[in-house]
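K.L.:
Here you go, this is final.cif (mmCIF, N, CA and C atoms).
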data_data
#
loop_
_atom_site.label_atom_id
_atom_site.label_comp_id
_atom_site.auth_asym_id
_atom_site.auth_seq_id
_atom_site.Cartn_x
_atom_site.Cartn_y
_atom_site.Cartn_z
N MET A 16 23.32 22.71 35.34
CA MET A 16 24.01 22.10 34.24
C MET A 16 24.13 20.58 34.44
N ILE A 17 24.42 20.16 35.67
CA ILE A 17 24.54 18.73 35.94
C ILE A 17 23.19 18.05 35.74
N ARG A 18 22.10 18.73 36.14
CA ARG A 18 20.75 18.16 35.93
C ARG A 18 20.47 17.97 34.45
N ASN A 19 20.83 18.97 33.64
CA ASN A 19 20.61 18.86 32.19
C ASN A 19 21.41 17.71 31.60
N LEU A 20 22.66 17.58 32.04
CA LEU A 20 23.50 16.49 31.55
C LEU A 20 22.94 15.14 31.98
N ALA A 21 22.47 15.03 33.19
CA ALA A 21 21.88 13.78 33.68
C ALA A 21 20.62 13.45 32.88
N GLY A 22 19.82 14.45 32.59
CA GLY A 22 18.60 14.24 31.80
C GLY A 22 18.91 13.77 30.39
N ILE A 23 19.93 14.35 29.79
CA ILE A 23 20.33 13.95 28.44
C ILE A 23 20.84 12.51 28.45
N LEU A 24 21.67 12.17 29.44
CA LEU A 24 22.19 10.80 29.53
C LEU A 24 21.07 9.79 29.75
N LEU A 25 20.09 10.13 30.58
CA LEU A 25 18.96 9.24 30.81
C LEU A 25 18.16 9.05 29.53
N ALA A 26 17.91 10.12 28.80
CA ALA A 26 17.16 10.02 27.54
C ALA A 26 17.91 9.15 26.53
N LEU A 27 19.22 9.30 26.43
CA LEU A 27 20.00 8.48 25.51
C LEU A 27 19.98 7.01 25.92
N CYS A 28 20.05 6.75 27.21
CA CYS A 28 20.00 5.37 27.69
C CYS A 28 18.66 4.73 27.36
N LEU A 29 17.57 5.45 27.61
CA LEU A 29 16.25 4.92 27.32
C LEU A 29 16.07 4.68 25.83
N ALA A 30 16.54 5.58 25.00
CA ALA A 30 16.45 5.41 23.54
C ALA A 30 17.24 4.19 23.11
N GLY A 31 18.42 3.99 23.68
CA GLY A 31 19.23 2.83 23.34
C GLY A 31 18.60 1.53 23.80
N CYS A 32 17.94 1.54 24.93
CA CYS A 32 17.29 0.32 25.45
C CYS A 32 16.09 -0.09 24.60
N MET A 33 15.43 0.88 24.01
CA MET A 33 14.24 0.57 23.21
C MET A 33 14.65 -0.10 21.90
N GLY A 34 15.78 0.26 21.35
CA GLY A 34 16.28 -0.38 20.13
C GLY A 34 15.48 -0.02 18.89
N ASP A 35 16.03 -0.42 17.75
CA ASP A 35 15.37 -0.20 16.47
C ASP A 35 14.55 -1.42 16.11
N GLY A 36 13.54 -1.21 15.29
CA GLY A 36 12.80 -2.34 14.75
C GLY A 36 13.56 -2.90 13.57
N GLY A 37 13.25 -4.09 13.21
CA GLY A 37 13.92 -4.69 12.07
C GLY A 37 13.04 -5.70 11.38
N VAL A 38 13.36 -5.96 10.14
CA VAL A 38 12.67 -7.01 9.39
C VAL A 38 13.73 -7.71 8.55
N ASP A 39 13.64 -9.03 8.51
CA ASP A 39 14.58 -9.84 7.76
C ASP A 39 13.77 -10.83 6.93
N VAL A 40 13.99 -10.82 5.62
CA VAL A 40 13.27 -11.72 4.73
C VAL A 40 14.27 -12.33 3.75
N LYS A 41 14.24 -13.64 3.63
CA LYS A 41 15.05 -14.31 2.61
C LYS A 41 14.22 -15.42 2.01
N GLY A 42 14.57 -15.77 0.79
CA GLY A 42 13.82 -16.83 0.14
C GLY A 42 14.19 -17.00 -1.32
N ASP A 43 13.29 -17.68 -2.01
CA ASP A 43 13.49 -18.01 -3.42
C ASP A 43 12.29 -17.57 -4.23
N VAL A 44 12.55 -17.22 -5.49
CA VAL A 44 11.49 -16.86 -6.43
C VAL A 44 11.58 -17.82 -7.62
N THR A 45 10.48 -18.51 -7.88
CA THR A 45 10.44 -19.45 -9.00
C THR A 45 9.25 -19.15 -9.89
N GLY A 46 9.32 -19.71 -11.09
CA GLY A 46 8.23 -19.56 -12.05
C GLY A 46 7.32 -20.77 -12.02
N PRO A 47 6.38 -20.85 -12.98
CA PRO A 47 5.39 -21.93 -13.00
C PRO A 47 6.02 -23.33 -13.08
N SER A 48 7.17 -23.46 -13.71
CA SER A 48 7.81 -24.77 -13.85
C SER A 48 8.82 -25.02 -12.73
N SER A 49 8.77 -24.23 -11.68
CA SER A 49 9.69 -24.30 -10.53
C SER A 49 11.12 -23.91 -10.87
N ALA A 50 11.34 -23.34 -12.05
CA ALA A 50 12.67 -22.84 -12.41
C ALA A 50 12.90 -21.50 -11.71
N PRO A 51 14.12 -21.22 -11.24
CA PRO A 51 14.40 -19.94 -10.59
C PRO A 51 14.20 -18.77 -11.55
N ILE A 52 13.68 -17.69 -11.02
CA ILE A 52 13.54 -16.45 -11.80
C ILE A 52 14.70 -15.53 -11.41
N VAL A 53 15.55 -15.25 -12.35
CA VAL A 53 16.72 -14.40 -12.14
C VAL A 53 16.33 -12.95 -12.42
N GLY A 54 16.76 -12.05 -11.56
CA GLY A 54 16.52 -10.62 -11.78
C GLY A 54 15.15 -10.13 -11.35
N ALA A 55 14.40 -10.91 -10.57
CA ALA A 55 13.12 -10.43 -10.04
C ALA A 55 13.39 -9.34 -9.01
N ARG A 56 12.52 -8.36 -8.96
CA ARG A 56 12.64 -7.27 -7.98
C ARG A 56 11.81 -7.66 -6.75
N VAL A 57 12.44 -7.65 -5.58
CA VAL A 57 11.79 -7.99 -4.32
C VAL A 57 11.98 -6.80 -3.40
N TYR A 58 10.86 -6.28 -2.82
CA TYR A 58 11.01 -5.11 -1.98
C TYR A 58 9.94 -5.04 -0.90
N LEU A 59 10.24 -4.28 0.15
CA LEU A 59 9.29 -4.00 1.22
C LEU A 59 8.58 -2.71 0.86
N ASP A 60 7.25 -2.76 0.87
CA ASP A 60 6.45 -1.64 0.38
C ASP A 60 5.74 -0.92 1.53
N ASN A 61 6.51 -0.19 2.31
CA ASN A 61 5.91 0.57 3.40
C ASN A 61 6.79 1.76 3.74
N PRO A 62 6.86 2.74 2.85
CA PRO A 62 7.80 3.84 3.07
C PRO A 62 7.51 4.68 4.30
N GLY A 63 6.29 4.65 4.82
CA GLY A 63 5.96 5.43 6.00
C GLY A 63 6.65 4.94 7.26
N ARG A 64 7.07 3.69 7.29
CA ARG A 64 7.71 3.13 8.49
C ARG A 64 9.20 2.92 8.31
N THR A 65 9.72 3.22 7.16
CA THR A 65 11.14 2.94 6.92
C THR A 65 12.01 3.91 7.70
N ARG A 66 13.15 3.42 8.15
CA ARG A 66 14.11 4.25 8.86
C ARG A 66 15.22 4.71 7.92
N TYR A 67 15.64 3.82 7.04
CA TYR A 67 16.71 4.10 6.11
C TYR A 67 16.33 3.52 4.76
N PRO A 68 16.62 4.19 3.65
CA PRO A 68 16.22 3.66 2.35
C PRO A 68 17.00 2.42 1.92
N GLU A 69 18.22 2.24 2.43
CA GLU A 69 19.02 1.10 2.02
C GLU A 69 18.43 -0.18 2.60
N GLY A 70 18.56 -1.27 1.88
CA GLY A 70 18.17 -2.57 2.41
C GLY A 70 16.74 -2.97 2.19
N PHE A 71 15.92 -2.12 1.59
CA PHE A 71 14.52 -2.44 1.41
C PHE A 71 14.21 -3.08 0.07
N GLU A 72 15.23 -3.33 -0.72
CA GLU A 72 15.02 -3.91 -2.04
C GLU A 72 16.16 -4.86 -2.38
N ALA A 73 15.82 -5.92 -3.10
CA ALA A 73 16.83 -6.87 -3.55
C ALA A 73 16.44 -7.36 -4.94
N THR A 74 17.41 -7.90 -5.64
CA THR A 74 17.19 -8.53 -6.93
C THR A 74 17.63 -9.98 -6.80
N THR A 75 16.82 -10.89 -7.32
CA THR A 75 17.16 -12.31 -7.20
C THR A 75 18.40 -12.64 -8.02
N GLY A 76 19.19 -13.55 -7.47
CA GLY A 76 20.42 -13.98 -8.11
C GLY A 76 20.19 -15.12 -9.09
N PRO A 77 21.26 -15.74 -9.56
CA PRO A 77 21.18 -16.82 -10.55
C PRO A 77 20.35 -18.03 -10.10
N ASP A 78 20.29 -18.23 -8.77
CA ASP A 78 19.50 -19.35 -8.25
C ASP A 78 18.11 -18.92 -7.81
N GLY A 79 17.72 -17.66 -8.08
CA GLY A 79 16.40 -17.15 -7.72
C GLY A 79 16.28 -16.72 -6.27
N SER A 80 17.40 -16.70 -5.55
CA SER A 80 17.34 -16.35 -4.13
C SER A 80 17.53 -14.85 -3.90
N PHE A 81 17.07 -14.39 -2.73
CA PHE A 81 17.23 -12.99 -2.33
C PHE A 81 17.32 -12.92 -0.81
N HIS A 82 17.76 -11.78 -0.31
CA HIS A 82 17.81 -11.53 1.12
C HIS A 82 17.65 -10.03 1.35
N ILE A 83 16.69 -9.68 2.21
CA ILE A 83 16.47 -8.29 2.60
C ILE A 83 16.56 -8.23 4.12
N SER A 84 17.36 -7.32 4.63
CA SER A 84 17.46 -7.10 6.07
C SER A 84 17.49 -5.60 6.25
N ALA A 85 16.49 -5.06 6.94
CA ALA A 85 16.39 -3.61 7.01
C ALA A 85 15.88 -3.14 8.37
N LEU A 86 16.25 -1.93 8.73
CA LEU A 86 15.73 -1.31 9.94
C LEU A 86 14.43 -0.60 9.60
N VAL A 87 13.46 -0.75 10.48
CA VAL A 87 12.16 -0.10 10.31
C VAL A 87 11.77 0.53 11.64
N ALA A 88 10.67 1.25 11.65
CA ALA A 88 10.19 1.85 12.90
C ALA A 88 9.98 0.76 13.94
N PRO A 89 10.34 1.02 15.19
CA PRO A 89 10.17 0.01 16.23
C PRO A 89 8.72 -0.44 16.35
N GLY A 90 8.54 -1.69 16.69
CA GLY A 90 7.20 -2.23 16.91
C GLY A 90 7.02 -3.59 16.27
N ASN A 91 5.96 -4.25 16.65
CA ASN A 91 5.63 -5.57 16.13
C ASN A 91 4.42 -5.41 15.20
N TYR A 92 4.64 -5.46 13.91
CA TYR A 92 3.59 -5.25 12.92
C TYR A 92 4.01 -5.95 11.63
N THR A 93 3.25 -5.81 10.58
CA THR A 93 3.61 -6.44 9.31
C THR A 93 3.90 -5.37 8.26
N ILE A 94 4.72 -5.76 7.28
CA ILE A 94 5.07 -4.90 6.16
C ILE A 94 4.84 -5.70 4.88
N PRO A 95 4.20 -5.10 3.87
CA PRO A 95 4.01 -5.82 2.60
C PRO A 95 5.33 -6.11 1.89
N LEU A 96 5.51 -7.37 1.53
CA LEU A 96 6.63 -7.80 0.70
C LEU A 96 6.08 -7.96 -0.71
N VAL A 97 6.75 -7.40 -1.70
CA VAL A 97 6.29 -7.44 -3.08
C VAL A 97 7.37 -8.10 -3.94
N VAL A 98 6.93 -9.01 -4.82
CA VAL A 98 7.84 -9.65 -5.76
C VAL A 98 7.29 -9.41 -7.16
N GLU A 99 8.11 -8.85 -8.04
CA GLU A 99 7.67 -8.60 -9.41
C GLU A 99 8.80 -8.91 -10.39
N ALA A 100 8.40 -9.39 -11.56
CA ALA A 100 9.36 -9.69 -12.63
C ALA A 100 8.65 -9.51 -13.97
N ASN A 101 9.39 -9.11 -14.98
CA ASN A 101 8.82 -8.91 -16.31
C ASN A 101 8.18 -10.20 -16.81
N GLY A 102 6.95 -10.09 -17.32
CA GLY A 102 6.26 -11.23 -17.88
C GLY A 102 5.50 -12.07 -16.86
N PHE A 103 5.52 -11.66 -15.58
CA PHE A 103 4.86 -12.41 -14.52
C PHE A 103 3.92 -11.51 -13.73
N LYS A 104 2.91 -12.13 -13.09
CA LYS A 104 2.03 -11.39 -12.20
C LYS A 104 2.77 -11.11 -10.89
N THR A 105 2.51 -9.95 -10.33
CA THR A 105 3.12 -9.53 -9.08
C THR A 105 2.51 -10.31 -7.91
N ALA A 106 3.33 -10.60 -6.90
CA ALA A 106 2.87 -11.29 -5.69
C ALA A 106 3.13 -10.40 -4.49
N ARG A 107 2.23 -10.47 -3.49
CA ARG A 107 2.36 -9.67 -2.25
C ARG A 107 2.06 -10.56 -1.05
N LEU A 108 2.75 -10.26 0.05
CA LEU A 108 2.49 -10.95 1.31
C LEU A 108 2.94 -10.05 2.45
N ASP A 109 2.13 -9.92 3.50
CA ASP A 109 2.52 -9.17 4.68
C ASP A 109 3.45 -10.03 5.53
N VAL A 110 4.65 -9.52 5.81
CA VAL A 110 5.61 -10.25 6.63
C VAL A 110 5.80 -9.52 7.95
N PRO A 111 5.94 -10.27 9.04
CA PRO A 111 6.09 -9.64 10.35
C PRO A 111 7.48 -9.07 10.58
N THR A 112 7.53 -7.98 11.34
CA THR A 112 8.80 -7.42 11.78
C THR A 112 9.26 -8.24 12.99
N LEU A 113 10.48 -7.97 13.42
CA LEU A 113 11.05 -8.63 14.60
C LEU A 113 11.08 -10.15 14.46
N LYS A 114 11.21 -10.63 13.24
CA LYS A 114 11.23 -12.07 12.98
C LYS A 114 12.07 -12.33 11.74
N ASP A 115 12.72 -13.48 11.71
CA ASP A 115 13.42 -13.92 10.51
C ASP A 115 12.41 -14.65 9.63
N ASN A 116 12.08 -14.06 8.50
CA ASN A 116 11.09 -14.63 7.59
C ASN A 116 11.78 -15.37 6.46
N VAL A 117 11.33 -16.58 6.20
CA VAL A 117 11.80 -17.36 5.05
C VAL A 117 10.58 -17.59 4.18
N VAL A 118 10.67 -17.18 2.91
CA VAL A 118 9.51 -17.26 2.02
C VAL A 118 9.85 -17.99 0.73
N GLU A 119 8.80 -18.45 0.08
CA GLU A 119 8.92 -19.02 -1.25
C GLU A 119 7.88 -18.34 -2.12
N ALA A 120 8.36 -17.65 -3.16
CA ALA A 120 7.46 -16.95 -4.08
C ALA A 120 7.35 -17.76 -5.37
N ARG A 121 6.12 -17.99 -5.81
CA ARG A 121 5.88 -18.65 -7.10
C ARG A 121 5.11 -17.68 -7.97
N LEU A 122 5.77 -17.25 -9.03
CA LEU A 122 5.14 -16.31 -9.94
C LEU A 122 4.55 -17.07 -11.13
N VAL A 123 3.39 -16.60 -11.58
CA VAL A 123 2.75 -17.17 -12.77
C VAL A 123 2.83 -16.16 -13.89
N GLY A 124 2.70 -16.64 -15.12
CA GLY A 124 2.76 -15.77 -16.28
C GLY A 124 1.70 -14.68 -16.23
N ALA A 125 2.00 -13.54 -16.85
CA ALA A 125 1.09 -12.40 -16.84
C ALA A 125 -0.27 -12.74 -17.44
N ASP A 126 -0.33 -13.72 -18.33
CA ASP A 126 -1.60 -14.08 -18.96
C ASP A 126 -2.31 -15.24 -18.26
N SER A 127 -1.78 -15.70 -17.13
CA SER A 127 -2.35 -16.83 -16.40
C SER A 127 -3.66 -16.44 -15.70
N ARG A 128 -4.54 -17.40 -15.52
CA ARG A 128 -5.77 -17.16 -14.78
C ARG A 128 -5.54 -17.29 -13.26
N SER A 129 -4.42 -17.88 -12.90
CA SER A 129 -4.06 -18.03 -11.48
C SER A 129 -3.35 -16.77 -11.00
N ASP A 130 -3.13 -16.69 -9.69
CA ASP A 130 -2.39 -15.58 -9.09
C ASP A 130 -1.02 -16.07 -8.64
N SER A 131 -0.06 -15.17 -8.67
CA SER A 131 1.24 -15.47 -8.08
C SER A 131 1.09 -15.51 -6.57
N THR A 132 1.94 -16.30 -5.88
CA THR A 132 1.81 -16.45 -4.43
C THR A 132 3.16 -16.34 -3.75
N ILE A 133 3.10 -15.97 -2.48
CA ILE A 133 4.26 -16.00 -1.60
C ILE A 133 3.82 -16.75 -0.35
N LEU A 134 4.59 -17.75 0.02
CA LEU A 134 4.27 -18.53 1.22
C LEU A 134 5.38 -18.38 2.25
N LEU A 135 4.99 -18.22 3.52
CA LEU A 135 5.97 -18.24 4.61
C LEU A 135 6.31 -19.69 4.88
N LYS A 136 7.59 -19.99 5.03
CA LYS A 136 8.01 -21.36 5.34
C LYS A 136 8.10 -21.55 6.84
#
Could you write out this structure as C-alpha coordinates?

P.N.:
Amino acid sequence: MIRNLAGILLALCLAGCMGDGGVDVKGDVTGPSSAPIVGARVYLDNPGRTRYPEGFEATTGPDGSFHISALVAPGNYTIPLVVEANGFKTARLDVPTLKDNVVEARLVGADSRSDSTILLK
(Lines of atoms letter the chains of each structure in order from A and count residues from 1; the text may use other names and numbers.)
(Lines give C-alpha, C1' and ligand atoms only; values in the text may rest on other atoms or scores of the structure.)
Protein backbone atom coordinates (compact mmCIF):
# COMPACT_ATOMS: atom_id res chain seq x y z
CA MET A 1 0.00 0.00 0.00
CA ILE A 2 2.83 2.41 0.83
CA ARG A 3 4.45 1.62 -2.54
CA ASN A 4 1.21 2.42 -4.35
CA LEU A 5 0.84 5.68 -2.44
CA ALA A 6 4.46 6.64 -3.20
CA GLY A 7 3.91 5.86 -6.88
CA ILE A 8 0.78 7.99 -7.01
CA LEU A 9 2.54 10.90 -5.27
CA LEU A 10 5.48 10.65 -7.68
CA ALA A 11 3.15 10.64 -10.70
CA LEU A 12 1.30 13.71 -9.38
CA CYS A 13 4.57 15.54 -8.75
CA LEU A 14 5.84 14.80 -12.26
CA ALA A 15 2.54 15.90 -13.81
CA GLY A 16 2.67 19.14 -11.81
CA CYS A 17 6.27 19.82 -12.82
CA MET A 18 5.47 19.44 -16.51
CA GLY A 19 2.79 22.14 -16.32
CA ASP A 20 0.12 23.09 -18.83
CA GLY A 21 0.75 24.72 -22.15
CA GLY A 22 -0.60 28.15 -22.76
CA VAL A 23 -1.13 30.76 -25.41
CA ASP A 24 -1.69 34.47 -24.89
CA VAL A 25 -2.68 36.81 -27.71
CA LYS A 26 -3.71 40.45 -27.49
CA GLY A 27 -3.97 43.15 -30.07
CA ASP A 28 -6.08 45.43 -32.19
CA VAL A 29 -8.31 44.94 -35.21
CA THR A 30 -8.68 47.80 -37.68
CA GLY A 31 -10.25 48.33 -41.07
CA PRO A 32 -8.80 49.77 -44.30
CA SER A 33 -8.93 53.34 -42.96
CA SER A 34 -7.21 52.30 -39.69
CA ALA A 35 -10.49 52.77 -37.80
CA PRO A 36 -11.11 50.17 -35.05
CA ILE A 37 -13.50 47.35 -35.93
CA VAL A 38 -15.92 46.80 -33.06
CA GLY A 39 -17.44 43.35 -32.57
CA ALA A 40 -14.95 41.36 -34.69
CA ARG A 41 -14.71 37.69 -33.72
CA VAL A 42 -11.16 36.61 -32.82
CA TYR A 43 -10.46 32.96 -32.01
CA LEU A 44 -7.87 30.20 -31.85
CA ASP A 45 -8.69 27.54 -34.42
CA ASN A 46 -7.21 24.29 -33.17
CA PRO A 47 -9.77 22.25 -31.26
CA GLY A 48 -7.58 19.12 -31.27
CA ARG A 49 -5.10 20.73 -28.86
CA THR A 50 -7.47 22.66 -26.64
CA ARG A 51 -7.66 21.79 -22.97
CA TYR A 52 -10.69 23.86 -22.02
CA PRO A 53 -13.26 25.53 -24.29
CA GLU A 54 -13.25 28.80 -22.34
CA GLY A 55 -10.81 31.50 -23.37
CA PHE A 56 -10.36 30.54 -27.01
CA GLU A 57 -12.54 33.31 -28.40
CA ALA A 58 -12.91 37.05 -27.92
CA THR A 59 -14.89 39.91 -29.42
CA THR A 60 -13.21 43.24 -30.06
CA GLY A 61 -14.27 46.13 -27.87
CA PRO A 62 -15.06 49.76 -28.73
CA ASP A 63 -11.38 50.48 -29.43
CA GLY A 64 -10.94 47.34 -31.59
CA SER A 65 -8.84 45.58 -28.97
CA PHE A 66 -9.05 41.97 -27.78
CA HIS A 67 -7.25 39.57 -25.44
CA ILE A 68 -7.22 35.76 -25.49
CA SER A 69 -5.42 33.74 -22.83
CA ALA A 70 -6.03 30.02 -22.87
CA LEU A 71 -4.62 26.69 -21.76
CA VAL A 72 -3.65 24.31 -24.54
CA ALA A 73 -1.87 20.96 -24.77
CA PRO A 74 1.69 21.25 -23.44
CA GLY A 75 4.41 21.90 -25.99
CA ASN A 76 6.01 24.54 -28.16
CA TYR A 77 4.04 24.82 -31.42
CA THR A 78 1.77 27.24 -33.27
CA ILE A 79 -2.01 27.63 -33.29
CA PRO A 80 -3.98 29.44 -36.03
CA LEU A 81 -5.45 32.76 -34.90
CA VAL A 82 -8.48 33.80 -36.95
CA VAL A 83 -10.06 37.26 -37.15
CA GLU A 84 -13.41 37.71 -38.90
CA ALA A 85 -16.01 40.46 -39.10
CA ASN A 86 -19.12 41.03 -41.22
CA GLY A 87 -18.29 42.77 -44.48
CA PHE A 88 -14.55 42.01 -44.26
CA LYS A 89 -12.21 39.28 -45.49
CA THR A 90 -11.06 36.84 -42.81
CA ALA A 91 -7.42 36.96 -41.65
CA ARG A 92 -5.32 34.07 -40.26
CA LEU A 93 -1.91 33.83 -38.62
CA ASP A 94 -0.15 31.01 -36.76
CA VAL A 95 0.83 32.23 -33.29
CA PRO A 96 3.29 30.42 -31.03
CA THR A 97 2.36 28.88 -27.70
CA LEU A 98 4.38 29.59 -24.56
CA LYS A 99 4.75 33.23 -25.62
CA ASP A 100 2.93 36.51 -25.12
CA ASN A 101 1.81 37.46 -28.62
CA VAL A 102 0.90 41.02 -29.56
CA VAL A 103 -0.72 41.34 -32.98
CA GLU A 104 -2.23 43.92 -35.27
CA ALA A 105 -4.97 42.74 -37.62
CA ARG A 106 -5.94 44.83 -40.65
CA LEU A 107 -9.09 43.68 -42.35
CA VAL A 108 -10.04 44.70 -45.88
CA GLY A 109 -13.52 44.86 -47.35
CA ALA A 110 -15.04 41.62 -48.64
CA ASP A 111 -14.92 42.98 -52.21
CA SER A 112 -11.26 44.09 -52.00
CA ARG A 113 -8.59 42.60 -54.25
CA SER A 114 -6.16 42.64 -51.31
CA ASP A 115 -6.09 40.18 -48.40
CA SER A 116 -6.65 40.92 -44.74
CA THR A 117 -3.47 40.54 -42.65
CA ILE A 118 -2.34 39.89 -39.11
CA LEU A 119 1.14 40.97 -38.08
CA LEU A 120 3.08 39.98 -34.96
CA LYS A 121 4.47 43.07 -33.24

K.L.:
Counting all atoms listed in the file, which residue out of A:Asp130, A:Val40, A:Tyr58, A:Leu135 sits closest to Pro95 in chain A?

P.N.:
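Distance minimum relative to Pro95 in chain A lands on A:Tyr58.
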
K.L.:
Residues at most 10 Å from Lys136 in chain A, counting only C-alpha atoms, excluding those fewer than 6 positions away in the same chain, as a list in words?

P.N.:
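That gives Gly42, Asn116, Val117, Val118 and Glu119 of chain A.
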
K.L.:
Check what the PyMOL selection byres ((chain A and resi 121-127) around 8) selects in the file above and give those residues as a ChimeraX atom specification.

P.N.:
/A:43-49,98,100-106,118-120,128-134

K.L.:
Between atom C of Ala88 in chain A and atom N of Lys114 in chain A, what is the distance in Å, rounded to a tenth?

P.N.:
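Atom-to-atom, atom C of Ala88 in chain A to atom N of Lys114 in chain A, that is 11.5 Å.
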
K.L.:
Need to verify the contact set: Val38 in chain A, 5 Å, all atoms listed in the file, exclusion of same-chain residues closer than 3 positions in sequence. Can you return it as JSON, numbers by chain?

P.N.:
{"A": [84, 85, 112, 113]}

K.L.:
In Å, rounded to a single decimal, give me how far CA of Gly37 in chain A is from CA of Phe71 in chain A.

P.N.:
10.9 Å

K.L.:
Measuring between all atoms listed in the file, which one of A:Ile83, A:Ile94, A:Pro111, A:Glu99 shows the shortest distance to Asp60 in chain A?

P.N.:
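When distances to Asp60 in chain A are compared using all atoms listed in the file, the smallest one comes from A:Ile94.
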
K.L.:
CA of Pro89 in chain A and CA of Val57 in chain A are how many Å apart?

P.N.:
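Calculated distance between CA of Pro89 in chain A and CA of Val57 in chain A is 22.1 Å.
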
K.L.:
Let me have the centre and edge lengths in Å, one decimal, of the box along x, y and z around every listed atom of range 100-104 of chain A with 6 Å of margin on each side, as lines of an AutoDock Vina configuration file.

P.N.:
center_x = 5.7
center_y = -10.7
center_z = -14.4
size_x = 19.4
size_y = 15.5
size_z = 19.0

K.L.:
Give the answer as one residue: which of A:Val97, A:Gly90, A:Val110, A:Asp115 has the shortest atom-to-atom distance to Gly36 in chain A, using only C-alpha atoms?

P.N.:
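Of A:Val97, A:Gly90, A:Val110, A:Asp115, the one nearest Gly36 in chain A, counting only C-alpha atoms, is A:Gly90.
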
K.L.:
Name every residue that the PyMOL selection byres ((chain A and resi 55) around 6) selects in this structure, writing the answer as number ranges by chain with chains first and numbers rising.

P.N.:
A: 52-54, 56-57, 73-75, 99-100
